[in-house]
file query_23.cif (mmCIF, C-alpha atoms)
data_model
#
loop_
_atom_site.label_atom_id
_atom_site.label_comp_id
_atom_site.auth_asym_id
_atom_site.auth_seq_id
_atom_site.Cartn_x
_atom_site.Cartn_y
_atom_site.Cartn_z
CA MET A 1 0.00 0.00 0.00
CA ILE A 2 1.32 3.45 -0.85
CA ARG A 3 1.21 5.79 2.10
CA THR A 4 0.82 9.47 1.42
CA LEU A 5 3.23 11.67 3.31
CA THR A 6 1.99 14.67 5.27
CA CYS A 7 3.61 18.10 5.12
CA ARG A 8 5.11 17.48 8.55
CA GLN A 9 6.70 14.24 7.38
CA VAL A 10 8.07 15.86 4.25
CA ILE A 11 9.62 18.74 6.18
CA ALA A 12 11.16 16.26 8.63
CA VAL A 13 13.18 14.61 5.85
CA LEU A 14 13.79 17.70 3.75
CA MET A 15 17.51 17.84 4.47
CA ASP A 16 17.99 14.26 3.34
CA TYR A 17 15.84 14.93 0.29
CA VAL A 18 17.83 18.02 -0.67
CA ASP A 19 21.10 16.15 -0.13
CA GLY A 20 19.88 13.18 -2.17
CA THR A 21 20.38 10.70 0.64
CA LEU A 22 16.79 9.49 1.00
CA ALA A 23 15.85 5.91 0.23
CA ALA A 24 14.22 5.66 -3.20
CA SER A 25 10.74 4.86 -1.89
CA THR A 26 10.72 7.80 0.53
CA ARG A 27 12.13 10.08 -2.14
CA ARG A 28 9.27 9.16 -4.44
CA GLY A 29 6.83 9.88 -1.62
CA VAL A 30 8.35 13.33 -1.12
CA GLU A 31 8.29 14.04 -4.84
CA ASP A 32 4.64 13.03 -5.08
CA HIS A 33 3.80 15.25 -2.13
CA LEU A 34 5.67 18.21 -3.59
CA LYS A 35 3.83 17.87 -6.89
CA ALA A 36 0.53 18.18 -5.08
CA CYS A 37 1.38 20.66 -2.31
CA ALA A 38 2.19 24.27 -3.23
CA PRO A 39 3.12 25.37 0.34
CA CYS A 40 5.66 22.55 0.57
CA ARG A 41 7.10 23.46 -2.83
CA ASP A 42 7.57 27.05 -1.67
CA PHE A 43 8.96 25.81 1.63
CA GLU A 44 11.45 23.53 -0.11
CA ARG A 45 12.60 26.29 -2.46
CA ALA A 46 13.27 28.62 0.47
CA TYR A 47 14.88 25.83 2.51
CA ARG A 48 17.36 25.15 -0.29
CA ALA A 49 18.15 28.87 -0.56
CA THR A 50 18.60 29.49 3.16
CA PRO A 51 22.21 28.32 3.76
CA GLY A 52 23.52 30.32 0.80
CA VAL A 53 21.65 33.49 1.75
CA VAL A 54 22.89 33.33 5.34
CA ARG A 55 26.44 32.46 4.26
CA ARG A 56 26.70 35.29 1.72
CA SER A 57 25.06 37.80 4.02
CA THR A 58 27.14 37.11 7.12
CA GLY A 59 30.55 36.69 5.52
CA ALA A 60 33.51 38.78 6.52
CA ARG A 61 33.29 42.49 5.94
CA ARG A 62 36.49 44.14 4.95
CA ALA A 63 38.07 43.73 8.34
CA ALA A 64 38.92 46.91 10.17
CA THR A 65 41.44 44.86 12.10
CA SER A 66 43.64 42.25 10.53
CA LEU A 67 44.11 38.89 12.10
CA ARG A 68 47.76 39.77 12.61
CA GLN A 69 46.71 42.83 14.61
CA LEU A 70 44.25 40.78 16.64
CA CYS A 71 46.99 38.29 17.36
CA ALA A 72 49.33 41.04 18.50
CA ARG A 73 46.64 42.50 20.75
CA SER A 74 45.93 39.09 22.25
CA LEU A 75 49.56 38.36 22.95
CA LYS A 76 49.96 41.74 24.65
CA ARG A 77 47.27 40.71 27.13
CA LEU A 78 49.41 37.79 28.25
CA PRO A 79 51.56 38.28 31.33
CA PRO A 80 55.27 38.29 30.57
CA ARG A 81 57.00 34.96 30.94
CA SER A 82 59.04 34.66 34.07
CA MET B 1 58.10 27.58 7.03
CA SER B 2 55.90 24.51 7.37
CA GLU B 3 52.94 24.39 9.74
CA ARG B 4 54.69 21.74 11.81
CA ALA B 5 57.80 23.89 12.17
CA LEU B 6 55.70 26.91 13.12
CA ILE B 7 53.90 24.84 15.75
CA ARG B 8 57.22 23.72 17.25
CA ARG B 9 58.51 27.27 17.41
CA ALA B 10 55.26 28.64 18.81
CA GLN B 11 55.23 25.87 21.43
CA ALA B 12 58.64 27.12 22.49
CA GLY B 13 57.11 30.57 23.10
CA ASP B 14 57.84 32.25 19.76
CA ALA B 15 55.01 34.79 19.42
CA ALA B 16 55.85 35.63 15.81
CA ALA B 17 55.62 31.98 14.85
CA PHE B 18 52.27 31.75 16.63
CA THR B 19 50.99 34.74 14.67
CA ASP B 20 52.15 33.21 11.39
CA LEU B 21 50.50 29.95 12.37
CA VAL B 22 47.17 31.64 13.13
CA CYS B 23 47.33 33.63 9.91
CA LEU B 24 47.50 30.39 7.95
CA HIS B 25 43.89 29.87 9.02
CA GLN B 26 42.71 33.44 8.77
CA ARG B 27 39.98 33.00 6.19
CA GLY B 28 37.67 31.22 8.55
CA LEU B 29 38.46 32.37 12.05
CA LEU B 30 37.01 35.86 12.21
CA PRO B 31 33.79 35.05 10.30
CA LEU B 32 33.37 32.04 12.58
CA ALA B 33 33.63 34.18 15.72
CA VAL B 34 31.40 36.94 14.30
CA ARG B 35 28.72 34.47 13.27
CA LEU B 36 28.73 32.77 16.66
CA THR B 37 28.59 35.98 18.70
CA GLY B 38 26.22 37.89 16.43
CA ASN B 39 28.24 41.03 15.78
CA ASP B 40 31.65 42.22 14.61
CA ALA B 41 32.85 43.74 17.88
CA ASP B 42 32.05 40.69 20.00
CA GLY B 43 33.47 38.46 17.28
CA GLU B 44 36.82 40.26 17.43
CA GLU B 45 36.83 40.08 21.22
CA ALA B 46 35.95 36.40 21.16
CA LEU B 47 38.70 35.66 18.69
CA GLN B 48 41.21 37.46 20.90
CA ASP B 49 40.01 35.37 23.85
CA ALA B 50 40.50 32.26 21.73
CA LEU B 51 43.98 33.26 20.61
CA ILE B 52 45.10 33.82 24.17
CA ILE B 53 43.74 30.42 25.18
CA ALA B 54 45.36 28.79 22.15
CA PHE B 55 48.76 30.33 22.86
CA ARG B 56 48.61 29.28 26.48
CA ARG B 57 47.53 25.75 25.65
CA LEU B 58 49.76 25.25 22.66
CA SER B 59 52.06 22.99 24.61
CA THR B 60 49.14 20.53 24.97
CA PHE B 61 48.63 20.30 21.20
CA ARG B 62 49.92 16.87 20.25
CA GLY B 63 48.89 16.81 16.63
CA GLU B 64 46.17 14.17 16.98
CA ALA B 65 43.77 16.56 15.23
CA ARG B 66 44.62 19.06 12.54
CA PHE B 67 45.83 22.33 13.99
CA SER B 68 43.01 24.21 12.23
CA ALA B 69 40.40 21.96 13.86
CA TRP B 70 42.04 22.44 17.25
CA LEU B 71 41.99 26.22 16.79
CA TYR B 72 38.40 26.14 15.52
CA ARG B 73 37.29 24.20 18.59
CA ILE B 74 38.87 26.76 20.90
CA THR B 75 37.31 29.60 18.92
CA VAL B 76 33.84 28.02 19.02
CA ARG B 77 34.05 27.65 22.79
CA ALA B 78 35.39 31.16 23.33
CA ALA B 79 32.73 32.70 21.07
CA LEU B 80 29.86 30.82 22.72
CA ALA B 81 31.17 31.79 26.14
CA ARG B 82 31.44 35.45 25.15
CA ARG B 83 27.97 35.36 23.65
CA GLN B 84 26.61 34.05 26.95
CA ARG B 85 28.39 36.78 28.89
CA ALA B 86 27.28 39.50 26.48
CA ARG B 87 23.63 38.56 26.62
CA ARG B 88 22.25 41.53 28.47
CA ARG B 89 18.59 40.69 28.00
CA ALA B 90 16.80 37.53 27.12
CA MET B 91 16.07 37.52 23.42
CA PRO B 92 13.28 35.34 22.11
CA SER B 93 14.62 32.15 20.66
CA LEU B 94 14.40 31.68 16.93
CA GLU B 95 12.44 28.50 17.63
CA GLU B 96 9.27 30.53 17.15
CA PHE B 97 10.03 30.37 13.43
CA LEU B 98 9.90 26.60 13.18
CA PRO B 99 7.17 25.41 10.82
CA GLN B 100 3.78 24.81 12.35
CA PHE B 101 1.41 22.06 11.38
CA ASN B 102 -2.22 21.27 12.11
CA ALA B 103 -3.49 18.02 13.59
CA ALA B 104 -3.53 16.42 10.14
CA GLY B 105 0.17 17.23 9.65
CA ARG B 106 -0.45 19.93 7.05
CA HIS B 107 1.02 23.42 7.09
CA LYS B 108 -0.96 25.48 9.56
CA ARG B 109 -0.72 28.67 7.55
CA ILE B 110 -1.25 28.34 3.83
CA ASP B 111 -2.33 31.92 3.26
CA VAL B 112 1.22 33.24 3.44
CA ASP B 113 4.14 33.18 1.06
CA LEU B 114 6.81 30.79 2.28
CA THR B 115 9.50 31.73 -0.22
CA GLY B 116 11.23 34.54 1.72
CA ALA B 117 14.72 33.05 1.70
CA ALA B 118 14.57 32.42 -2.03
CA THR B 119 13.69 35.98 -2.94
CA ILE B 120 15.11 38.21 -0.24
CA GLU B 121 18.48 39.12 -1.74
CA GLY B 122 18.05 42.31 -3.71
CA ARG B 123 14.84 43.16 -1.87
CA VAL B 124 16.55 44.08 1.40
CA SER B 125 19.82 46.00 1.51
CA ARG B 126 22.93 43.90 2.06
CA ARG B 127 23.79 45.91 5.13
CA GLU B 128 20.39 45.39 6.72
CA LEU B 129 20.32 41.72 5.79
CA ARG B 130 23.76 41.19 7.34
CA ALA B 131 22.78 42.88 10.59
CA ARG B 132 19.48 41.06 10.84
CA LEU B 133 20.92 37.67 10.04
CA LEU B 134 23.81 38.04 12.49
CA ALA B 135 21.27 38.96 15.15
CA ALA B 136 19.14 36.00 14.12
CA LEU B 137 22.09 33.63 14.40
CA ALA B 138 22.59 34.89 17.95
CA ARG B 139 18.99 33.97 18.70
CA LEU B 140 19.47 30.37 17.63
CA PRO B 141 19.84 28.05 20.59
CA GLU B 142 23.56 27.47 21.06
CA ARG B 143 23.70 23.85 19.92
CA TYR B 144 21.96 24.67 16.65
CA ARG B 145 23.94 27.85 16.08
CA ALA B 146 27.30 26.14 16.40
CA ALA B 147 26.22 23.31 14.11
CA VAL B 148 24.85 25.47 11.32
CA VAL B 149 27.72 27.96 11.49
CA LEU B 150 30.37 25.26 11.17
CA SER B 151 28.53 23.19 8.62
CA ASP B 152 26.56 25.56 6.38
CA LEU B 153 28.36 28.86 6.84
CA GLN B 154 32.01 27.89 7.37
CA GLU B 155 31.40 24.91 5.08
CA LEU B 156 33.52 22.49 7.07
CA PRO B 157 33.24 18.82 6.12
CA SER B 158 30.59 17.11 8.27
CA ARG B 159 33.11 14.86 9.95
CA GLU B 160 35.24 17.82 10.97
CA ALA B 161 32.31 19.91 12.19
CA ALA B 162 30.96 16.98 14.21
CA ALA B 163 34.40 16.34 15.74
CA ILE B 164 34.78 19.99 16.76
CA LEU B 165 31.42 19.85 18.52
CA GLY B 166 32.06 16.41 19.99
CA ILE B 167 28.92 14.89 18.46
CA ASP B 168 28.27 12.25 15.83
CA ALA B 169 27.32 12.92 12.22
CA ALA B 170 23.64 12.09 12.74
CA ALA B 171 23.32 14.58 15.59
CA LEU B 172 25.08 17.22 13.52
CA ARG B 173 22.64 16.73 10.64
CA GLN B 174 19.67 16.94 12.96
CA ARG B 175 20.93 20.20 14.45
CA VAL B 176 21.78 21.72 11.08
CA HIS B 177 18.33 20.81 9.74
CA ARG B 178 16.57 22.40 12.68
CA ALA B 179 18.67 25.54 12.43
CA ARG B 180 17.90 25.82 8.72
CA LEU B 181 14.19 25.51 9.46
CA MET B 182 14.37 28.35 11.97
CA LEU B 183 16.43 30.60 9.71
CA ARG B 184 14.18 29.82 6.76
CA GLY B 185 11.14 30.84 8.77
CA TYR B 186 12.85 33.96 10.03
CA LEU B 187 13.69 35.04 6.48
CA ASP B 188 9.98 34.99 5.62
CA THR B 189 9.47 37.75 8.16
CA VAL B 190 12.51 39.74 7.03
CA ALA B 191 11.13 39.62 3.52
CA GLY B 192 8.08 41.36 4.93
CA ARG B 193 5.80 38.42 4.89
CA PRO B 194 4.39 37.79 8.31
CA ARG B 195 3.73 34.21 9.24
#

call {"tool": "encode", "arguments": {"input": "query_23.cif", "output": "structure tokens"}}
result
Amino acid sequence: MIRTLTCRQVIAVLMDYVDGTLAASTRRGVEDHLKACAPCRDFERAYRATPGVVRRSTGARRAATSLRQLCARSLKRLPPRS
Amino acid sequence: MSERALIRRAQAGDAAAFTDLVCLHQRGLLPLAVRLTGNDADGEEALQDALIIAFRRLSTFRGEARFSAWLYRITVRAALARRQRARRRAMPSLEEFLPQFNAAGRHKRIDVDLTGAATIEGRVSRRELRARLLAALARLPERYRAAVVLSDLQELPSREAAAILGIDAAALRQRVHRARLMLRGYLDTVAGRPR
């Protein structure tokens, strides 16, 4: 018997679906659900986009302080070796 | 000079060698600290904390893990600790943006657009998006924040990210998935589409 997946079940396995690591039968179930469910299609599209948007948006600005400067500052905070 | 040689010299107290060693890994360290603390100033402070700890503990580095992973682990801990100290007021957790379902397991709200993350770039200024997303990362519960930052944002291999956090690959995936769900939901609201 073919069991229809709910939205909740589809969202629960979305990472595996996106990564292509789902078992074939479950993958077909997700695909069937997505064909029939517009909210889940929108959800999946945004889910796929999320890591890239967050990565691009939160990447390094042109650093006001270089790592070398940060290192120097850190080492200055250390007590002198006896 | 090779990384191994720099480590030996730094372990002997050579500050210049330590600086060179850290700079070999510079591409990831500051973004990692900024993403974990939620802003640039705290990120810089956290990284300085981490560098002090690393220099002090360098003699305990035996080379079982890669030096970059060792330094990442120290930076993650220092950034999470600084974030905890800097938290002046309780901010609502990003868990409120997890998807909601009705009793039948269907999306609870179907009258809203769920595509925020896919369309937001270009609709909100880069500066605003950066500030809002850094703040959102800070609102992720710690375990999810560290997982998604290492895995999705710093793009470390799963095995390495899991080792840094001291968890197995399955737990890492579960945490990354949950963090993505929260961030995805949050981006709907940033895009101006209330849920």

call {"tool": "resolve_selection", "arguments": {"input": "query_23.cif", "expression": "the PyMOL selection byres ((chain A and resi 45-57) around 9)", "output": "PDB file with C-alpha atoms, in the coordinates of the input"}}
result
ATOM      1  CA  LEU A  14      13.790  17.700   3.750  1.00  0.00           C
ATOM      2  CA  MET A  15      17.510  17.840   4.470  1.00  0.00           C
ATOM      3  CA  VAL A  18      17.830  18.020  -0.670  1.00  0.00           C
ATOM      4  CA  CYS A  40       5.660  22.550   0.570  1.00  0.00           C
ATOM      5  CA  ARG A  41       7.100  23.460  -2.830  1.00  0.00           C
ATOM      6  CA  ASP A  42       7.570  27.050  -1.670  1.00  0.00           C
ATOM      7  CA  PHE A  43       8.960  25.810   1.630  1.00  0.00           C
ATOM      8  CA  GLU A  44      11.450  23.530  -0.110  1.00  0.00           C
ATOM      9  CA  THR A  58      27.140  37.110   7.120  1.00  0.00           C
ATOM     10  CA  GLY A  59      30.550  36.690   5.520  1.00  0.00           C
ATOM     11  CA  ALA A  60      33.510  38.780   6.520  1.00  0.00           C
TER      12      ALA A  60
ATOM     13  CA  LEU B 114       6.810  30.790   2.280  1.00  0.00           C
ATOM     14  CA  THR B 115       9.500  31.730  -0.220  1.00  0.00           C
ATOM     15  CA  GLY B 116      11.230  34.540   1.720  1.00  0.00           C
ATOM     16  CA  ALA B 117      14.720  33.050   1.700  1.00  0.00           C
ATOM     17  CA  ALA B 118      14.570  32.420  -2.030  1.00  0.00           C
ATOM     18  CA  THR B 119      13.690  35.980  -2.940  1.00  0.00           C
ATOM     19  CA  ILE B 120      15.110  38.210  -0.240  1.00  0.00           C
ATOM     20  CA  GLU B 121      18.480  39.120  -1.740  1.00  0.00           C
ATOM     21  CA  ARG B 126      22.930  43.900   2.060  1.00  0.00           C
ATOM     22  CA  ARG B 127      23.790  45.910   5.130  1.00  0.00           C
ATOM     23  CA  LEU B 129      20.320  41.720   5.790  1.00  0.00           C
ATOM     24  CA  ARG B 130      23.760  41.190   7.340  1.00  0.00           C
ATOM     25  CA  ALA B 131      22.780  42.880  10.590  1.00  0.00           C
ATOM     26  CA  LEU B 133      20.920  37.670  10.040  1.00  0.00           C
ATOM     27  CA  LEU B 134      23.810  38.040  12.490  1.00  0.00           C
ATOM     28  CA  VAL B 148      24.850  25.470  11.320  1.00  0.00           C
ATOM     29  CA  VAL B 149      27.720  27.960  11.490  1.00  0.00           C
ATOM     30  CA  ASP B 152      26.560  25.560   6.380  1.00  0.00           C
ATOM     31  CA  LEU B 153      28.360  28.860   6.840  1.00  0.00           C
ATOM     32  CA  GLN B 154      32.010  27.890   7.370  1.00  0.00           C
ATOM     33  CA  ARG B 180      17.900  25.820   8.720  1.00  0.00           C
ATOM     34  CA  LEU B 181      14.190  25.510   9.460  1.00  0.00           C
ATOM     35  CA  LEU B 183      16.430  30.600   9.710  1.00  0.00           C
ATOM     36  CA  ARG B 184      14.180  29.820   6.760  1.00  0.00           C
ATOM     37  CA  GLY B 185      11.140  30.840   8.770  1.00  0.00           C
ATOM     38  CA  LEU B 187      13.690  35.040   6.480  1.00  0.00           C
ATOM     39  CA  ASP B 188       9.980  34.990   5.620  1.00  0.00           C
TER      40      ASP B 188
END

call {"tool": "atom_distance", "arguments": {"input": "query_23.cif", "atom1": "CA of Ala16 (chain B)", "atom2": "CA of Ala33 (chain B)"}}
result
22.3 Å

call {"tool": "residues_around", "arguments": {"input": "query_23.cif", "residues": "Leu78 (chain A)", "least_positions_apart": "5", "cutoff": "10 Å", "atoms": "all atoms listed in the file", "output": "compact mmCIF listing (two decimals) with C-alpha atoms, keeping the file's coordinate frame"}}
result
# COMPACT_ATOMS: atom_id res chain seq x y z
CA ARG A 73 46.64 42.50 20.75
CA ILE B 52 45.10 33.82 24.17
CA ILE B 53 43.74 30.42 25.18
CA PHE B 55 48.76 30.33 22.86
CA ARG B 56 48.61 29.28 26.48

call {"tool": "resolve_selection", "arguments": {"input": "query_23.cif", "expression": "the PyMOL selection byres ((chain B and resi 81) around 12)", "output": "ChimeraX atom specification"}}
result
/B:33,36-37,42-43,45-47,49-50,74-80,82-87,142,146

call {"tool": "resolve_selection", "arguments": {"input": "query_23.cif", "expression": "the PyMOL selection byres ((chain A and resi 27-29) around 12)", "output": "list in words"}}
result
Ile2, Arg3, Thr4, Leu5, Thr6, Cys7, Gln9, Val10, Val13, Leu14, Met15, Asp16, Tyr17, Val18, Asp19, Gly20, Thr21, Leu22, Ala23, Ala24, Ser25, Thr26, Val30, Glu31, Asp32, His33, Leu34, Lys35 and Ala36 of chain A

call {"tool": "axis_aligned_box", "arguments": {"input": "query_23.cif", "around": "region 50-54 of chain B", "padding_each_side": "4 Å", "output": "lines of an AutoDock Vina configuration file"}}
result
center_x = 42.9
center_y = 31.3
center_z = 22.9
size_x = 12.9
size_y = 13.0
size_z = 12.6

call {"tool": "closest_residue", "arguments": {"input": "query_23.cif", "among": "B:Arg35, B:Arg145, B:Arg175, B:Arg159", "to": "chain A", "atoms": "all atoms listed in the file"}}
result
B:Arg35

call {"tool": "closest_residue", "arguments": {"input": "query_23.cif", "among": "B:Met182, B:Leu150, B:Cys23, B:Ala41", "to": "chain A", "atoms": "all atoms listed in the file"}}
result
B:Cys23

call {"tool": "build_atoms", "arguments": {"input": "query_23.cif", "residues": "region 150-177 of chain B", "atoms": "N, CA and C atoms", "output": "short mmCIF file (atom, residue, chain, number, x, y, z; two decimals), in the coordinates of the input"}}
result
data_model
loop_
_atom_site.label_atom_id
_atom_site.label_comp_id
_atom_site.auth_asym_id
_atom_site.auth_seq_id
_atom_site.Cartn_x
_atom_site.Cartn_y
_atom_site.Cartn_z
N LEU B 150 29.24 26.07 11.64
CA LEU B 150 30.37 25.26 11.17
C LEU B 150 30.06 24.55 9.86
N SER B 151 28.85 24.05 9.75
CA SER B 151 28.53 23.19 8.62
C SER B 151 28.10 23.98 7.39
N ASP B 152 27.10 24.84 7.54
CA ASP B 152 26.56 25.56 6.38
C ASP B 152 27.31 26.84 6.06
N LEU B 153 27.79 27.53 7.08
CA LEU B 153 28.36 28.86 6.84
C LEU B 153 29.87 28.81 6.67
N GLN B 154 30.55 28.04 7.53
CA GLN B 154 32.01 27.89 7.37
C GLN B 154 32.32 26.76 6.38
N GLU B 155 31.30 25.99 6.06
CA GLU B 155 31.40 24.91 5.08
C GLU B 155 32.49 23.88 5.41
N LEU B 156 32.59 23.55 6.69
CA LEU B 156 33.52 22.49 7.07
C LEU B 156 32.93 21.14 6.68
N PRO B 157 33.76 20.17 6.35
CA PRO B 157 33.24 18.82 6.12
C PRO B 157 32.50 18.33 7.36
N SER B 158 31.44 17.55 7.14
CA SER B 158 30.59 17.11 8.27
C SER B 158 31.41 16.44 9.37
N ARG B 159 32.33 15.60 8.96
CA ARG B 159 33.11 14.86 9.95
C ARG B 159 33.89 15.82 10.85
N GLU B 160 34.44 16.86 10.21
CA GLU B 160 35.24 17.82 10.97
C GLU B 160 34.36 18.66 11.90
N ALA B 161 33.22 19.10 11.37
CA ALA B 161 32.31 19.91 12.19
C ALA B 161 31.81 19.09 13.38
N ALA B 162 31.46 17.84 13.13
CA ALA B 162 30.96 16.98 14.21
C ALA B 162 32.06 16.76 15.26
N ALA B 163 33.30 16.57 14.80
CA ALA B 163 34.40 16.34 15.74
C ALA B 163 34.65 17.57 16.60
N ILE B 164 34.57 18.75 15.99
CA ILE B 164 34.78 19.99 16.76
C ILE B 164 33.73 20.12 17.86
N LEU B 165 32.49 19.72 17.54
CA LEU B 165 31.42 19.85 18.52
C LEU B 165 31.32 18.65 19.45
N GLY B 166 32.08 17.60 19.15
CA GLY B 166 32.06 16.41 19.99
C GLY B 166 30.76 15.63 19.87
N ILE B 167 30.16 15.64 18.68
CA ILE B 167 28.92 14.89 18.46
C ILE B 167 29.10 14.01 17.23
N ASP B 168 28.13 13.10 17.01
CA ASP B 168 28.27 12.25 15.83
C ASP B 168 27.58 12.91 14.63
N ALA B 169 27.79 12.31 13.47
CA ALA B 169 27.32 12.92 12.22
C ALA B 169 25.80 13.05 12.18
N ALA B 170 25.11 12.06 12.76
CA ALA B 170 23.64 12.09 12.74
C ALA B 170 23.13 13.26 13.58
N ALA B 171 23.74 13.47 14.73
CA ALA B 171 23.32 14.58 15.59
C ALA B 171 23.61 15.92 14.92
N LEU B 172 24.74 15.98 14.23
CA LEU B 172 25.08 17.22 13.52
C LEU B 172 24.01 17.52 12.46
N ARG B 173 23.64 16.52 11.69
CA ARG B 173 22.64 16.73 10.64
C ARG B 173 21.30 17.18 11.23
N GLN B 174 20.93 16.58 12.33
CA GLN B 174 19.67 16.94 12.96
C GLN B 174 19.69 18.40 13.42
N ARG B 175 20.82 18.81 13.97
CA ARG B 175 20.93 20.20 14.45
C ARG B 175 20.96 21.19 13.29
N VAL B 176 21.69 20.83 12.24
CA VAL B 176 21.78 21.72 11.08
C VAL B 176 20.39 21.88 10.44
N HIS B 177 19.67 20.77 10.32
CA HIS B 177 18.33 20.81 9.74
C HIS B 177 17.42 21.74 10.53
#
